[in-house]
>>> print(open('target.txt').read())   # compact mmCIF, C-alpha atoms
# COMPACT_ATOMS: atom_id res chain seq x y z
CA MET A 1 -18.26 -18.37 -21.17
CA ILE A 2 -16.53 -15.02 -21.86
CA GLU A 3 -16.28 -14.79 -25.65
CA ASP A 4 -15.24 -11.14 -25.98
CA TRP A 5 -12.54 -10.32 -23.46
CA ASP A 6 -11.98 -6.82 -24.89
CA ASN A 7 -15.59 -5.94 -24.17
CA PHE A 8 -15.46 -7.57 -20.73
CA LEU A 9 -12.42 -5.47 -19.75
CA ILE A 10 -13.82 -2.09 -20.91
CA PRO A 11 -15.11 -0.99 -17.46
CA TYR A 12 -11.83 -2.05 -15.82
CA LYS A 13 -9.80 0.00 -18.30
CA GLN A 14 -12.09 2.96 -17.77
CA ALA A 15 -11.76 2.67 -13.99
CA VAL A 16 -7.95 2.61 -14.18
CA ASP A 17 -7.87 5.63 -16.49
CA GLU A 18 -10.28 7.62 -14.31
CA LEU A 19 -8.51 6.82 -11.05
CA LYS A 20 -5.07 7.67 -12.45
CA VAL A 21 -6.37 11.13 -13.38
CA LYS A 22 -7.97 11.61 -9.95
CA LEU A 23 -4.93 10.45 -7.97
CA ARG A 24 -2.55 12.54 -10.06
CA GLY A 25 -4.88 15.45 -9.44
CA ILE A 26 -4.43 14.96 -5.68
CA ARG A 27 -0.65 15.08 -6.16
CA ALA A 28 -0.92 18.31 -8.14
CA GLN A 29 -3.07 19.92 -5.41
CA PHE A 30 -0.56 18.98 -2.70
CA LEU A 31 2.34 20.39 -4.72
CA LYS A 32 0.51 23.68 -5.26
CA ILE A 33 -0.48 24.07 -1.60
CA ASP A 34 2.41 22.51 0.34
CA GLY A 35 5.25 22.25 -2.15
CA ARG A 36 5.45 18.47 -1.68
CA SER A 37 3.06 15.54 -1.98
CA PRO A 38 2.77 12.18 -0.18
CA ILE A 39 2.12 10.79 -3.67
CA GLU A 40 5.31 10.57 -5.72
CA PHE A 41 3.73 9.00 -8.79
CA VAL A 42 0.85 6.77 -9.85
CA THR A 43 0.72 3.81 -12.23
CA GLY A 44 -2.14 1.55 -13.27
CA ARG A 45 -2.87 -1.46 -15.42
CA VAL A 46 -5.56 -3.93 -16.38
CA LYS A 47 -4.47 -7.52 -15.83
CA PRO A 48 -3.69 -9.25 -19.16
CA VAL A 49 -6.13 -11.94 -20.24
CA ASP A 50 -3.49 -14.69 -20.01
CA SER A 51 -2.76 -13.65 -16.41
CA ILE A 52 -6.46 -13.62 -15.58
CA LYS A 53 -6.90 -17.14 -16.95
CA GLU A 54 -3.81 -18.42 -15.12
CA LYS A 55 -5.07 -16.98 -11.83
CA MET A 56 -8.52 -18.45 -12.42
CA VAL A 57 -6.94 -21.91 -12.61
CA ARG A 58 -4.60 -21.32 -9.67
CA ARG A 59 -7.34 -19.88 -7.42
CA HIS A 60 -10.15 -22.13 -8.73
CA ILE A 61 -12.25 -19.16 -9.86
CA SER A 62 -15.04 -19.91 -12.31
CA GLU A 63 -15.97 -17.48 -15.08
CA ASP A 64 -19.38 -16.82 -13.61
CA ARG A 65 -17.67 -15.72 -10.35
CA LEU A 66 -14.83 -13.78 -11.95
CA GLU A 67 -16.22 -10.30 -11.30
CA GLU A 68 -16.87 -11.11 -7.64
CA ASP A 69 -13.81 -13.22 -6.79
CA MET A 70 -10.88 -11.61 -8.65
CA GLU A 71 -10.06 -8.34 -6.95
CA ASP A 72 -7.13 -7.09 -9.01
CA ILE A 73 -8.25 -7.14 -12.65
CA ALA A 74 -8.01 -3.35 -12.34
CA GLY A 75 -4.95 -2.39 -10.34
CA LEU A 76 -3.24 0.84 -9.38
CA ARG A 77 -0.02 1.59 -7.54
CA ILE A 78 0.76 4.72 -5.61
CA MET A 79 4.44 5.30 -4.88
CA CYS A 80 5.53 7.39 -1.92
CA GLN A 81 8.86 8.75 -0.72
CA PHE A 82 8.43 7.83 2.95
CA VAL A 83 6.66 5.12 4.95
CA GLU A 84 4.65 7.80 6.77
CA ASP A 85 3.35 9.00 3.41
CA ILE A 86 1.76 5.60 2.83
CA TYR A 87 -0.57 6.01 5.79
CA GLN A 88 -1.37 9.61 4.84
CA VAL A 89 -2.43 8.38 1.40
CA VAL A 90 -4.49 5.58 2.95
CA ASP A 91 -6.32 8.13 5.12
CA LEU A 92 -7.05 10.21 2.02
CA LEU A 93 -8.48 7.16 0.24
CA ARG A 94 -10.67 6.31 3.23
CA LYS A 95 -12.29 9.75 3.03
CA ARG A 96 -13.16 9.52 -0.66
CA THR A 97 -16.82 9.13 -1.59
CA ASP A 98 -16.22 7.68 -5.06
CA ILE A 99 -14.74 4.40 -3.76
CA ASN A 100 -16.19 1.90 -1.32
CA ILE A 101 -13.37 0.21 0.58
CA LEU A 102 -14.06 -3.45 1.30
CA GLU A 103 -10.76 -4.61 2.75
CA GLU A 104 -7.36 -3.29 3.80
CA ARG A 105 -4.20 -5.39 4.09
CA ASP A 106 -1.22 -3.82 5.84
CA TYR A 107 1.86 -5.65 4.59
CA VAL A 108 4.06 -2.66 5.49
CA HIS A 109 4.33 -3.59 9.16
CA ASN A 110 3.07 -7.15 8.65
CA LYS A 111 5.37 -8.26 5.85
CA LYS A 112 4.80 -11.43 3.86
CA PRO A 113 7.15 -14.40 4.44
CA SER A 114 9.04 -13.46 1.27
CA GLY A 115 9.83 -10.04 2.73
CA TYR A 116 7.26 -8.23 0.54
CA ARG A 117 5.88 -4.99 1.96
CA SER A 118 3.04 -2.81 0.68
CA TYR A 119 -0.40 -1.55 1.71
CA HIS A 120 -3.29 -3.07 -0.26
CA ILE A 121 -6.79 -1.66 -0.51
CA ILE A 122 -9.62 -3.62 -2.14
CA PHE A 123 -12.58 -1.48 -3.12
CA GLU A 124 -15.67 -1.11 -5.27
CA TYR A 125 -15.71 1.58 -7.93
CA PRO A 126 -18.73 2.70 -10.03
CA VAL A 127 -18.13 3.06 -13.76
CA GLN A 128 -20.64 4.88 -15.96
CA MET A 129 -21.34 2.73 -19.04
CA LEU A 130 -23.71 3.29 -21.98
CA ASP A 131 -26.27 0.97 -20.41
CA GLY A 132 -25.93 2.39 -16.90
CA GLU A 133 -23.67 2.16 -13.88
CA LYS A 134 -21.45 -0.88 -13.38
CA VAL A 135 -19.67 -1.44 -10.07
CA ILE A 136 -16.36 -3.26 -10.35
CA LEU A 137 -13.75 -4.53 -7.91
CA ALA A 138 -10.31 -2.95 -8.02
CA GLU A 139 -7.11 -2.82 -5.97
CA ILE A 140 -4.74 -0.04 -5.00
CA GLN A 141 -1.26 -0.84 -3.68
CA VAL A 142 0.53 1.93 -1.78
CA ARG A 143 4.27 1.54 -1.23
CA THR A 144 7.55 3.41 -1.04
CA LEU A 145 9.99 3.67 -3.92
CA ALA A 146 12.31 1.22 -2.17
CA MET A 147 9.49 -1.29 -1.61
CA ASN A 148 8.48 -0.95 -5.24
CA PHE A 149 12.03 -1.57 -6.48
CA TRP A 150 12.31 -4.78 -4.45
CA ALA A 151 8.81 -6.01 -5.39
CA THR A 152 9.37 -5.34 -9.09
CA VAL A 153 12.67 -7.22 -9.21
CA GLU A 154 11.40 -10.08 -7.03
CA HIS A 155 8.32 -10.45 -9.24
CA SER A 156 10.39 -10.63 -12.43
CA LEU A 157 12.71 -13.22 -10.88
CA ASN A 158 9.73 -15.24 -9.66
CA TYR A 159 8.20 -15.17 -13.13
CA LYS A 160 11.44 -16.14 -14.86
CA TYR A 161 12.31 -18.99 -12.49
CA GLN A 162 8.71 -19.90 -11.54
CA GLY A 163 9.45 -19.32 -7.86
CA GLU A 164 11.94 -22.19 -7.71
CA PHE A 165 14.70 -20.54 -5.67
CA PRO A 166 17.33 -22.37 -3.62
CA ASP A 167 16.94 -21.74 0.12
CA ASP A 168 20.06 -19.57 0.31
CA LEU A 169 18.78 -17.30 -2.47
CA LYS A 170 15.37 -17.06 -0.79
CA GLY A 171 17.19 -15.94 2.34
CA ARG A 172 19.12 -13.32 0.40
CA LEU A 173 15.91 -12.00 -1.16
CA GLU A 174 14.36 -11.69 2.30
CA SER A 175 17.50 -9.92 3.54
CA SER A 176 17.41 -7.51 0.63
CA ALA A 177 13.76 -6.73 1.40
CA GLU A 178 14.71 -5.97 4.99
CA ALA A 179 17.59 -3.78 3.77
CA ALA A 180 15.15 -1.83 1.59
CA PHE A 181 12.90 -1.25 4.62
CA LYS A 182 15.89 -0.17 6.73
CA LEU A 183 16.68 2.34 3.97
CA ASP A 184 13.12 3.67 4.21
CA GLU A 185 13.48 4.05 7.98
CA GLU A 186 16.84 5.78 7.64
CA MET A 187 15.52 8.24 5.07
CA SER A 188 12.59 9.05 7.36
CA GLU A 189 14.98 9.72 10.24
CA ILE A 190 17.13 11.99 8.05
CA ARG A 191 14.03 13.88 6.91
CA ASP A 192 12.86 14.32 10.54
CA GLU A 193 16.28 15.57 11.68
CA LEU A 194 16.44 18.06 8.81
CA GLN A 195 12.98 19.35 9.75
CA GLU A 196 14.08 19.77 13.37
CA THR A 197 17.18 21.64 12.24
CA ASN A 198 15.16 23.97 10.03
CA GLU A 199 12.64 24.63 12.80
CA ALA A 200 15.44 25.47 15.22
CA ALA A 201 17.22 27.73 12.72
CA PRO A 202 15.02 30.84 13.25
CA ASP A 203 15.63 30.70 17.02
CA ASN A 204 19.37 30.40 16.43
CA LYS A 205 19.30 33.41 14.10
CA LEU A 206 17.37 35.45 16.65
CA ARG A 207 19.85 34.55 19.40
CA LYS A 208 22.78 35.40 17.12
CA SER A 209 21.22 38.74 16.17
CA SER A 210 20.58 39.55 19.83
CA ASP A 211 24.18 38.72 20.75
CA GLU A 212 25.50 40.92 17.97
CA ASN A 213 23.35 43.84 19.10
CA SER A 214 24.57 43.41 22.68
CA ASN A 215 28.18 43.52 21.52
CA LEU A 216 27.56 46.78 19.68
CA GLN A 217 26.17 48.48 22.78
>>> encode(input="target.txt", output="structure tokens")
Amino acid sequence: MIEDWDNFLIPYKQAVDELKVKLRGIRAQFLKIDGRSPIEFVTGRVKPVDSIKEKMVRRHISEDRLEEDMEDIAGLRIMCQFVEDIYQVVDLLRKRTDINILEERDYVHNKKPSGYRSYHIIFEYPVQMLDGEKVILAEIQVRTLAMNFWATVEHSLNYKYQGEFPDDLKGRLESSAEAAFKLDEEMSEIRDELQETNEAAPDNKLRKSSDENSNLQ
């Protein structure tokens, strides 16, 4: 029986705080070196006690198995501008030595029936406590800004109406999720075309300069 939830959640809060600093540090390094980062911004939270208890009932998780069976008590989200950035961030996380990845779930290209898209990583993270090291489970979700907008609104609607949507509204939610993904794809295409234009620009300038010199001769 967990009698002191505040004490129980201390390592989870510490893990979220530490990882937010580390991930924001990665963003800062990218900005200094490349001028842009695959990480747009990072958020994190510890699941509220009421939500933990509700999930324990819904998933049939006993208190003595809570630390092993509930993966998202500590949760972080990494937002990216482009879909390609998601996989770059995932590769960065795979190379880290301070987290031990246990499971990856690619909902970006394998969307949920609701239309939800994101990349989930379940991992172990060591927290240094007064009485020694404690390894906890945590989750990172990596998604684009468009995916995050849809997921945030859909979650609030689900909470308010307890998931009881008429079929036509469910269909519209799925369509809006697909529209958000189409927007991601379109923005990636625009970015790629701009890069191609910029790469071709020096050649065009050289040709123009050469033509001008020929005309002067």
>>> atom_distance(input="target.txt", atom1="CA of Phe181 (chain A)", atom2="CA of Tyr119 (chain A)")
13.6 Å
>>> axis_aligned_box(input="target.txt", around="region 22-38 of chain A", padding_each_side="3 Å", output="AutoDock Vina command-line options")
--center_x -1.3 --center_y 17.3 --center_z -4.9 --size_x 19.4 --size_y 19.6 --size_z 16.4
>>> residues_around(input="target.txt", residues="region 88-103 of chain A", least_positions_apart="4", cutoff="7 Å", atoms="all atoms listed in the file", output="list in words")
Pro38, Glu84, Ile121, Ile122, Phe123, Glu124 and Tyr125 of chain A
>>> closest_residue(input="target.txt", among="A:Glu67, A:Asp6, A:Glu18, A:Asp168", to="Gln128 (chain A)", atoms="all atoms listed in the file")
A:Glu18
>>> atom_distance(input="target.txt", atom1="CA of His155 (chain A)", atom2="CA of Ala177 (chain A)")
12.5 Å
>>> closest_residue(input="target.txt", among="A:Ile78, A:Pro113, A:Asn198, A:Ile2", to="Ile26 (chain A)", atoms="all atoms listed in the file")
A:Ile78
